[in-house]
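So this one's input_34.tsv, TSV, C-alpha atoms:
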```tsv
chain	number	residue	atom	x	y	z
A	29	THR	CA	-44.30	46.82	-9.52
A	30	GLN	CA	-41.59	46.73	-6.88
A	31	LEU	CA	-40.67	50.18	-5.58
A	32	LEU	CA	-37.12	49.05	-4.88
A	33	GLU	CA	-35.48	46.82	-7.49
A	34	GLN	CA	-32.47	44.84	-6.42
A	35	SER	CA	-29.97	43.17	-8.74
A	36	PRO	CA	-28.71	40.65	-9.24
A	37	GLN	CA	-31.29	38.38	-7.65
A	38	PHE	CA	-28.75	35.61	-7.07
A	39	LEU	CA	-24.97	35.62	-6.85
A	40	SER	CA	-22.68	32.63	-6.33
A	41	ILE	CA	-18.98	33.39	-6.06
A	42	GLN	CA	-15.70	32.00	-4.72
A	43	GLU	CA	-14.03	33.23	-1.57
A	44	GLY	CA	-11.78	36.20	-2.28
A	45	GLU	CA	-13.80	37.63	-5.17
A	46	ASN	CA	-15.26	41.12	-5.19
A	47	LEU	CA	-18.91	41.85	-5.88
A	48	THR	CA	-21.40	44.68	-6.15
A	49	VAL	CA	-25.15	44.54	-5.63
A	50	TYR	CA	-27.55	47.28	-6.59
A	51	CYS	CA	-30.74	48.81	-5.28
A	52	ASN	CA	-32.64	51.06	-7.70
A	53	SER	CA	-35.83	53.07	-7.65
A	54	SER	CA	-37.58	55.81	-9.55
A	55	SER	CA	-38.52	57.42	-6.23
A	56	VAL	CA	-36.44	59.65	-3.99
A	57	PHE	CA	-35.68	58.32	-0.52
A	58	SER	CA	-34.85	60.38	2.53
A	59	SER	CA	-32.61	57.50	3.60
A	60	LEU	CA	-31.84	53.95	2.58
A	61	GLN	CA	-30.99	51.00	4.76
A	62	TRP	CA	-29.10	47.81	3.97
A	63	TYR	CA	-29.79	44.61	5.86
A	64	ARG	CA	-28.28	41.12	5.80
A	65	GLN	CA	-30.50	38.16	6.58
A	66	GLU	CA	-29.16	34.70	7.23
A	67	PRO	CA	-31.34	31.62	6.68
A	68	GLY	CA	-33.91	31.17	9.43
A	69	GLU	CA	-33.09	34.53	11.01
A	70	GLY	CA	-34.45	38.05	10.90
A	71	PRO	CA	-32.73	40.84	8.94
A	72	VAL	CA	-29.88	42.63	10.70
A	73	LEU	CA	-29.30	46.29	9.95
A	74	LEU	CA	-25.88	46.95	8.38
A	75	VAL	CA	-26.00	50.64	7.54
A	76	THR	CA	-28.15	53.69	6.89
A	77	VAL	CA	-27.22	56.18	4.18
A	78	VAL	CA	-28.83	59.60	4.25
A	79	THR	CA	-27.00	62.13	2.09
A	80	GLY	CA	-26.87	61.94	-1.70
A	81	GLY	CA	-23.42	60.77	-2.79
A	82	GLU	CA	-22.64	59.46	0.69
A	83	VAL	CA	-20.18	56.58	1.00
A	84	LYS	CA	-19.96	54.46	4.14
A	85	LYS	CA	-17.54	51.66	4.88
A	86	LEU	CA	-18.04	48.75	7.22
A	87	LYS	CA	-14.86	46.64	7.15
A	88	ARG	CA	-14.89	45.03	3.68
A	89	LEU	CA	-18.34	46.42	2.81
A	90	THR	CA	-18.72	49.77	1.03
A	91	PHE	CA	-22.15	51.37	0.72
A	92	GLN	CA	-22.94	54.25	-1.61
A	93	PHE	CA	-26.07	56.38	-1.90
A	94	GLY	CA	-26.74	57.85	-5.33
A	95	ASP	CA	-26.49	61.60	-5.80
A	96	ALA	CA	-30.23	61.83	-6.50
A	97	ARG	CA	-31.05	59.55	-3.54
A	98	LYS	CA	-32.85	57.10	-5.84
A	99	ASP	CA	-30.34	54.28	-5.81
A	100	SER	CA	-27.67	52.62	-3.72
A	101	SER	CA	-24.95	50.03	-4.09
A	102	LEU	CA	-23.16	47.63	-1.81
A	103	HIS	CA	-19.64	46.52	-2.73
A	104	ILE	CA	-17.94	43.65	-0.92
A	105	THR	CA	-14.19	43.26	-1.24
A	106	ALA	CA	-12.58	39.84	-0.88
A	107	ALA	CA	-15.81	38.05	-0.02
A	108	GLN	CA	-15.74	35.40	2.68
A	109	PRO	CA	-18.13	32.49	3.37
A	110	GLY	CA	-19.42	34.44	6.38
A	111	ASP	CA	-20.79	37.05	3.96
A	112	THR	CA	-23.31	34.49	2.69
A	113	GLY	CA	-26.88	35.69	3.13
A	114	LEU	CA	-29.75	37.69	1.69
A	115	TYR	CA	-28.93	41.38	1.28
A	116	LEU	CA	-31.96	43.64	1.47
A	117	CYS	CA	-32.28	47.34	0.85
A	118	ALA	CA	-35.14	49.30	2.40
A	119	GLY	CA	-36.40	52.82	2.62
A	120	ALA	CA	-39.42	55.05	3.03
A	121	THR	CA	-40.57	57.62	0.53
A	122	GLY	CA	-43.20	60.25	-0.07
A	123	GLY	CA	-43.30	61.46	3.50
A	124	SER	CA	-44.39	58.05	4.78
A	125	TYR	CA	-42.51	56.31	7.56
A	126	ILE	CA	-43.60	52.87	6.36
A	127	PRO	CA	-40.60	51.18	4.77
A	128	THR	CA	-40.50	49.35	1.48
A	129	PHE	CA	-38.09	46.48	1.07
A	130	GLY	CA	-36.48	45.21	-2.07
A	131	ARG	CA	-36.72	41.46	-2.73
A	132	GLY	CA	-33.04	41.08	-1.98
A	133	THR	CA	-29.88	39.64	-3.47
A	134	SER	CA	-29.10	36.12	-2.33
A	135	LEU	CA	-25.32	35.77	-2.02
A	136	ILE	CA	-23.43	32.50	-1.61
A	137	VAL	CA	-19.68	32.61	-1.07
A	138	HIS	CA	-18.00	29.25	-1.58
A	139	PRO	CA	-14.83	28.42	0.39
B	410	LYS	CA	-29.70	44.65	26.14
B	411	ALA	CA	-32.03	41.87	25.03
B	412	GLY	CA	-33.10	41.85	21.39
B	413	VAL	CA	-36.50	41.36	19.86
B	414	THR	CA	-37.99	38.02	20.89
B	415	GLN	CA	-40.59	36.19	18.82
B	416	THR	CA	-42.43	33.05	19.82
B	417	PRO	CA	-42.93	30.44	18.67
B	418	ARG	CA	-40.10	29.96	16.16
B	419	TYR	CA	-41.97	27.37	14.11
B	420	LEU	CA	-45.64	26.57	13.71
B	421	ILE	CA	-47.64	24.16	11.57
B	422	LYS	CA	-51.36	24.77	11.22
B	423	THR	CA	-54.20	23.41	9.13
B	424	ARG	CA	-56.24	25.46	6.67
B	425	GLY	CA	-59.15	27.17	8.39
B	426	GLN	CA	-57.48	27.34	11.78
B	427	GLN	CA	-56.35	30.51	13.46
B	428	VAL	CA	-52.94	31.36	14.89
B	429	THR	CA	-51.47	33.86	17.34
B	430	LEU	CA	-47.84	34.96	17.20
B	431	SER	CA	-46.06	36.90	19.92
B	432	CYS	CA	-43.36	39.59	19.90
B	433	SER	CA	-41.48	41.23	22.75
B	434	PRO	CA	-39.67	44.38	21.58
B	435	ILE	CA	-36.40	45.78	22.82
B	436	SER	CA	-36.84	47.36	26.23
B	437	GLY	CA	-37.83	51.00	25.84
B	438	HIS	CA	-39.00	50.60	22.24
B	439	ARG	CA	-42.64	51.53	21.88
B	440	SER	CA	-43.25	50.87	18.19
B	441	VAL	CA	-43.78	47.30	17.03
B	442	SER	CA	-44.25	46.50	13.36
B	443	TRP	CA	-45.13	43.18	11.75
B	444	TYR	CA	-44.01	41.94	8.34
B	445	GLN	CA	-44.72	38.92	6.19
B	446	GLN	CA	-41.82	37.51	4.19
B	447	THR	CA	-42.33	35.08	1.31
B	448	PRO	CA	-40.01	34.09	-1.55
B	449	GLY	CA	-42.40	35.53	-4.12
B	450	GLN	CA	-43.30	38.85	-2.53
B	451	GLY	CA	-40.35	39.56	-0.27
B	452	LEU	CA	-40.86	41.52	2.94
B	453	GLN	CA	-44.26	43.18	3.16
B	454	PHE	CA	-45.51	45.50	5.89
B	455	LEU	CA	-48.56	44.24	7.79
B	456	PHE	CA	-49.16	46.84	10.51
B	457	GLU	CA	-47.59	48.93	13.24
B	458	TYR	CA	-48.62	49.35	16.85
B	459	PHE	CA	-47.66	52.19	19.14
B	460	SER	CA	-49.00	52.81	22.64
B	461	GLU	CA	-51.50	49.97	22.25
B	462	THR	CA	-52.98	51.53	19.08
B	463	GLN	CA	-52.67	50.42	15.49
B	464	ARG	CA	-51.07	53.40	13.82
B	465	ASN	CA	-50.35	52.13	10.30
B	466	LYS	CA	-51.69	49.26	8.23
B	467	GLY	CA	-50.51	47.58	5.05
B	468	ASN	CA	-52.59	45.99	2.30
B	469	PHE	CA	-53.58	42.75	3.95
B	470	PRO	CA	-57.08	41.33	4.47
B	471	GLY	CA	-58.93	41.70	7.73
B	472	ARG	CA	-58.01	38.12	8.68
B	473	PHE	CA	-54.71	39.61	9.81
B	474	SER	CA	-55.01	41.53	13.03
B	475	GLY	CA	-52.91	42.44	16.00
B	476	ARG	CA	-52.75	44.16	19.31
B	477	GLN	CA	-50.23	45.68	21.66
B	478	PHE	CA	-50.19	45.52	25.44
B	479	SER	CA	-49.22	48.21	27.93
B	480	ASN	CA	-45.72	46.72	28.25
B	481	SER	CA	-45.29	47.13	24.44
B	482	ARG	CA	-45.44	43.39	23.80
B	483	SER	CA	-47.46	42.65	20.70
B	484	GLU	CA	-49.43	39.77	19.29
B	485	MET	CA	-50.47	39.08	15.73
B	486	ASN	CA	-53.45	36.92	14.85
B	487	VAL	CA	-54.38	35.31	11.57
B	488	SER	CA	-57.83	33.76	11.32
B	489	THR	CA	-59.17	31.26	8.79
B	490	LEU	CA	-55.71	30.31	7.62
B	491	GLU	CA	-55.06	29.76	3.93
B	492	LEU	CA	-52.21	27.88	2.27
B	493	GLY	CA	-50.88	31.22	0.99
B	494	ASP	CA	-50.39	32.43	4.54
B	495	SER	CA	-47.36	30.17	4.84
B	496	ALA	CA	-44.49	32.57	5.41
B	497	LEU	CA	-41.90	33.91	7.80
B	498	TYR	CA	-43.56	36.48	10.04
B	499	LEU	CA	-41.17	39.07	11.36
B	500	CYS	CA	-41.59	41.57	14.13
B	501	ALA	CA	-39.55	44.78	14.17
B	502	SER	CA	-38.99	47.11	17.09
B	503	SER	CA	-38.28	50.85	16.91
B	504	LEU	CA	-38.04	53.59	19.49
B	505	VAL	CA	-40.99	55.78	18.57
B	506	GLN	CA	-42.27	55.03	15.07
B	507	VAL	CA	-42.19	52.49	12.30
B	508	SER	CA	-38.93	52.91	10.50
B	509	ALA	CA	-36.80	51.35	7.82
B	510	GLU	CA	-34.07	51.45	10.51
B	511	ALA	CA	-35.39	48.80	12.85
B	512	PHE	CA	-34.41	45.81	14.92
B	513	PHE	CA	-35.94	42.54	13.80
B	514	GLY	CA	-36.72	39.38	15.70
B	515	GLN	CA	-35.79	35.94	14.38
B	516	GLY	CA	-39.28	35.46	13.05
B	517	THR	CA	-41.93	32.79	13.27
B	518	ARG	CA	-42.01	30.30	10.41
B	519	LEU	CA	-45.67	29.46	9.79
B	520	THR	CA	-46.58	26.54	7.58
B	521	VAL	CA	-50.22	26.02	6.64
B	522	VAL	CA	-51.10	22.53	5.41
```
Let me see the file written as structure tokens.
Amino acid sequence: TQLLEQSPQFLSIQEGENLTVYCNSSSVFSSLQWYRQEPGEGPVLLVTVVTGGEVKKLKRLTFQFGDARKDSSLHITAAQPGDTGLYLCAGATGGSYIPTFGRGTSLIVHP
Amino acid sequence: KAGVTQTPRYLIKTRGQQVTLSCSPISGHRSVSWYQQTPGQGLQFLFEYFSETQRNKGNFPGRFSGRQFSNSRSEMNVSTLELGDSALYLCASSLVQVSAEAFFGQGTRLTVV
């Protein structure tokens, strides 16, 4: 059983469309991180959300942490081909520092 | 500021062989963690080293081992390679402890044939 469930697993859209990907868990996280990983590269940290209900914006990307700190979402407005990649959420729970990663959402944005 | 450097980028080995991967963390970062990434299992934590000591360990067999040197550089070793060890091995660097907020290297793509 995956501690962090991400959905959808795959997403293929046209340039200019909006999309939302989700990261859900039954556990409470002290913080959640979102990463983007391009093919053949390591994950790159996009954002950390800490407070329940927190919303952070990074240009066209909007990240939200659930009120109960068990889930998070990433919304991309007007997607561009450069947004293509694997989006991973990660976090540590139960007093452990060791992070758990979701399996990711693979996004392809077609020109 | 230089990022996390992993060498080699690609490696092909035969079943039964052993392999050593290298990671140089960001200058000043003392915690180095290793992860295995496969399509089926995603990113899984292998172990963390801090001040030349293994501080945390994931659920991997003893064939997977590592070490850290006094300059914080780390190596990971896999002995008696199996086909299932084919994966992207990622190293992550943090200031003082393993963290979900980390800086990753580009990874080493290991293929076992």
Write out, as a Markdown table, each residue of chain A that has an atom at most 8 Å from chain B, together with the closest pair of atoms and their distance in Å to one decimal, counting all atoms listed in the file, rows going by chain and rising number.
```
| residue | atom | partner | partner_atom | distance |
| --- | --- | --- | --- | --- |
| A:Leu60 | CA | B:Ala509 | CA | 7.7 |
| A:Gln61 | CA | B:Glu510 | CA | 6.5 |
| A:Gly68 | CA | B:Gln515 | CA | 7.1 |
| A:Glu69 | CA | B:Gln515 | CA | 4.5 |
| A:Gly70 | CA | B:Gln515 | CA | 4.3 |
| A:Pro71 | CA | B:Phe513 | CA | 6.1 |
| A:Val72 | CA | B:Phe513 | CA | 6.8 |
| A:Leu73 | CA | B:Glu510 | CA | 7.0 |
| A:Thr76 | CA | B:Glu510 | CA | 7.3 |
| A:Ala118 | CA | B:Ala509 | CA | 6.0 |
| A:Gly119 | CA | B:Ala509 | CA | 5.4 |
| A:Ala120 | CA | B:Ala509 | CA | 6.6 |
| A:Tyr125 | CA | B:Ser508 | CA | 5.7 |
| A:Ile126 | CA | B:Val507 | CA | 6.1 |
| A:Pro127 | CA | B:Ala509 | CA | 4.9 |
| A:Thr128 | CA | B:Gln453 | CA | 7.4 |
| A:Phe129 | CA | B:Leu452 | CA | 6.0 |
| A:Gly130 | CA | B:Gly451 | CA | 7.1 |
| A:Arg131 | CA | B:Gly451 | CA | 4.8 |
| A:Gly132 | CA | B:Gly451 | CA | 7.7 |
```
Calculate how many Å separate atom CA of A:Glu43 from atom CA of A:Ser134, rounding to one decimal.
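Atom CA of A:Ser134 lies 15.4 Å from atom CA of A:Glu43.
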Which of these, B:Ile421, B:Leu504, B:Val441, B:Val521, has the shortest distance to B:Thr462 once you count only C-alpha atoms?
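Nearest candidate to B:Thr462 out of B:Ile421, B:Leu504, B:Val441, B:Val521: B:Val441.
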Go ahead and compute the interatomic distance for atom CA of B:Asn486 and atom CA of B:Ser474, in Å to one decimal.
5.2 Å
Please, what distance in Å, to one decimal, runs between atom CA of A:Thr48 and atom CA of A:Pro139?
18.7 Å
Dump as a PyMOL selection string all residues having an atom at most 6 Å from (-34.9, 48.7, -4.1), computed in the file's coordinates with all atoms listed in the file.
chain A and resi 32-34+51-53+117+130
Enumerate, as a PyMOL selection string, the protein, DNA and RNA residues whose atoms approach (-32.3, 58.7, -5.9) to within 9 Å, taking into account all atoms listed in the file and the coordinate frame of the file.
chain A and resi 52-58+80+93-100
Selected residues, C-alpha atoms, written as an mmCIF file, keeping the file's coordinate frame, please.
```
data_model
loop_
_atom_site.group_PDB
_atom_site.id
_atom_site.type_symbol
_atom_site.label_atom_id
_atom_site.label_comp_id
_atom_site.auth_asym_id
_atom_site.auth_seq_id
_atom_site.Cartn_x
_atom_site.Cartn_y
_atom_site.Cartn_z
ATOM 1 C CA ASN A 52 -32.640 51.060 -7.700
ATOM 2 C CA SER A 53 -35.830 53.070 -7.650
ATOM 3 C CA SER A 54 -37.580 55.810 -9.550
ATOM 4 C CA SER A 55 -38.520 57.420 -6.230
ATOM 5 C CA VAL A 56 -36.440 59.650 -3.990
ATOM 6 C CA PHE A 57 -35.680 58.320 -0.520
ATOM 7 C CA SER A 58 -34.850 60.380 2.530
ATOM 8 C CA GLY A 80 -26.870 61.940 -1.700
ATOM 9 C CA PHE A 93 -26.070 56.380 -1.900
ATOM 10 C CA GLY A 94 -26.740 57.850 -5.330
ATOM 11 C CA ASP A 95 -26.490 61.600 -5.800
ATOM 12 C CA ALA A 96 -30.230 61.830 -6.500
ATOM 13 C CA ARG A 97 -31.050 59.550 -3.540
ATOM 14 C CA LYS A 98 -32.850 57.100 -5.840
ATOM 15 C CA ASP A 99 -30.340 54.280 -5.810
ATOM 16 C CA SER A 100 -27.670 52.620 -3.720
#
```
Who sits within 12 Å of A:Lys87, only C-alpha atoms, same chain under 2 positions skipped, as a PyMOL selection string:
chain A and resi 74-75+84-85+89-91+103-107+111
As JSON, what would the box around stretch 449-454 of chain B look like: edges along x, y and z, 6 Å added on every side, centre and edge lengths in Å to one decimal?
```
{"center_x": -42.9, "center_y": 40.5, "center_z": 0.9, "size_x": 17.2, "size_y": 22.0, "size_z": 22.0}
```
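Distances to B:Thr416 were evaluated for B:Ser502, B:Ser460, B:Ser483, B:Thr489 using all atoms listed in the file, and the minimum falls at B:Ser483.
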Compare A:Ile41, A:Leu47, A:Leu31, A:Leu86 by their minimum atom-to-atom distance to A:Pro109, counting all atoms listed in the file, and give me the closest one.
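Between A:Ile41, A:Leu47, A:Leu31, A:Leu86, the residue approaching A:Pro109 most closely is A:Ile41.
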B:Glu484: which residues within 8 Å, counting only C-alpha atoms, same-chain residues fewer than 2 positions away excluded, as a count of residues only?
9
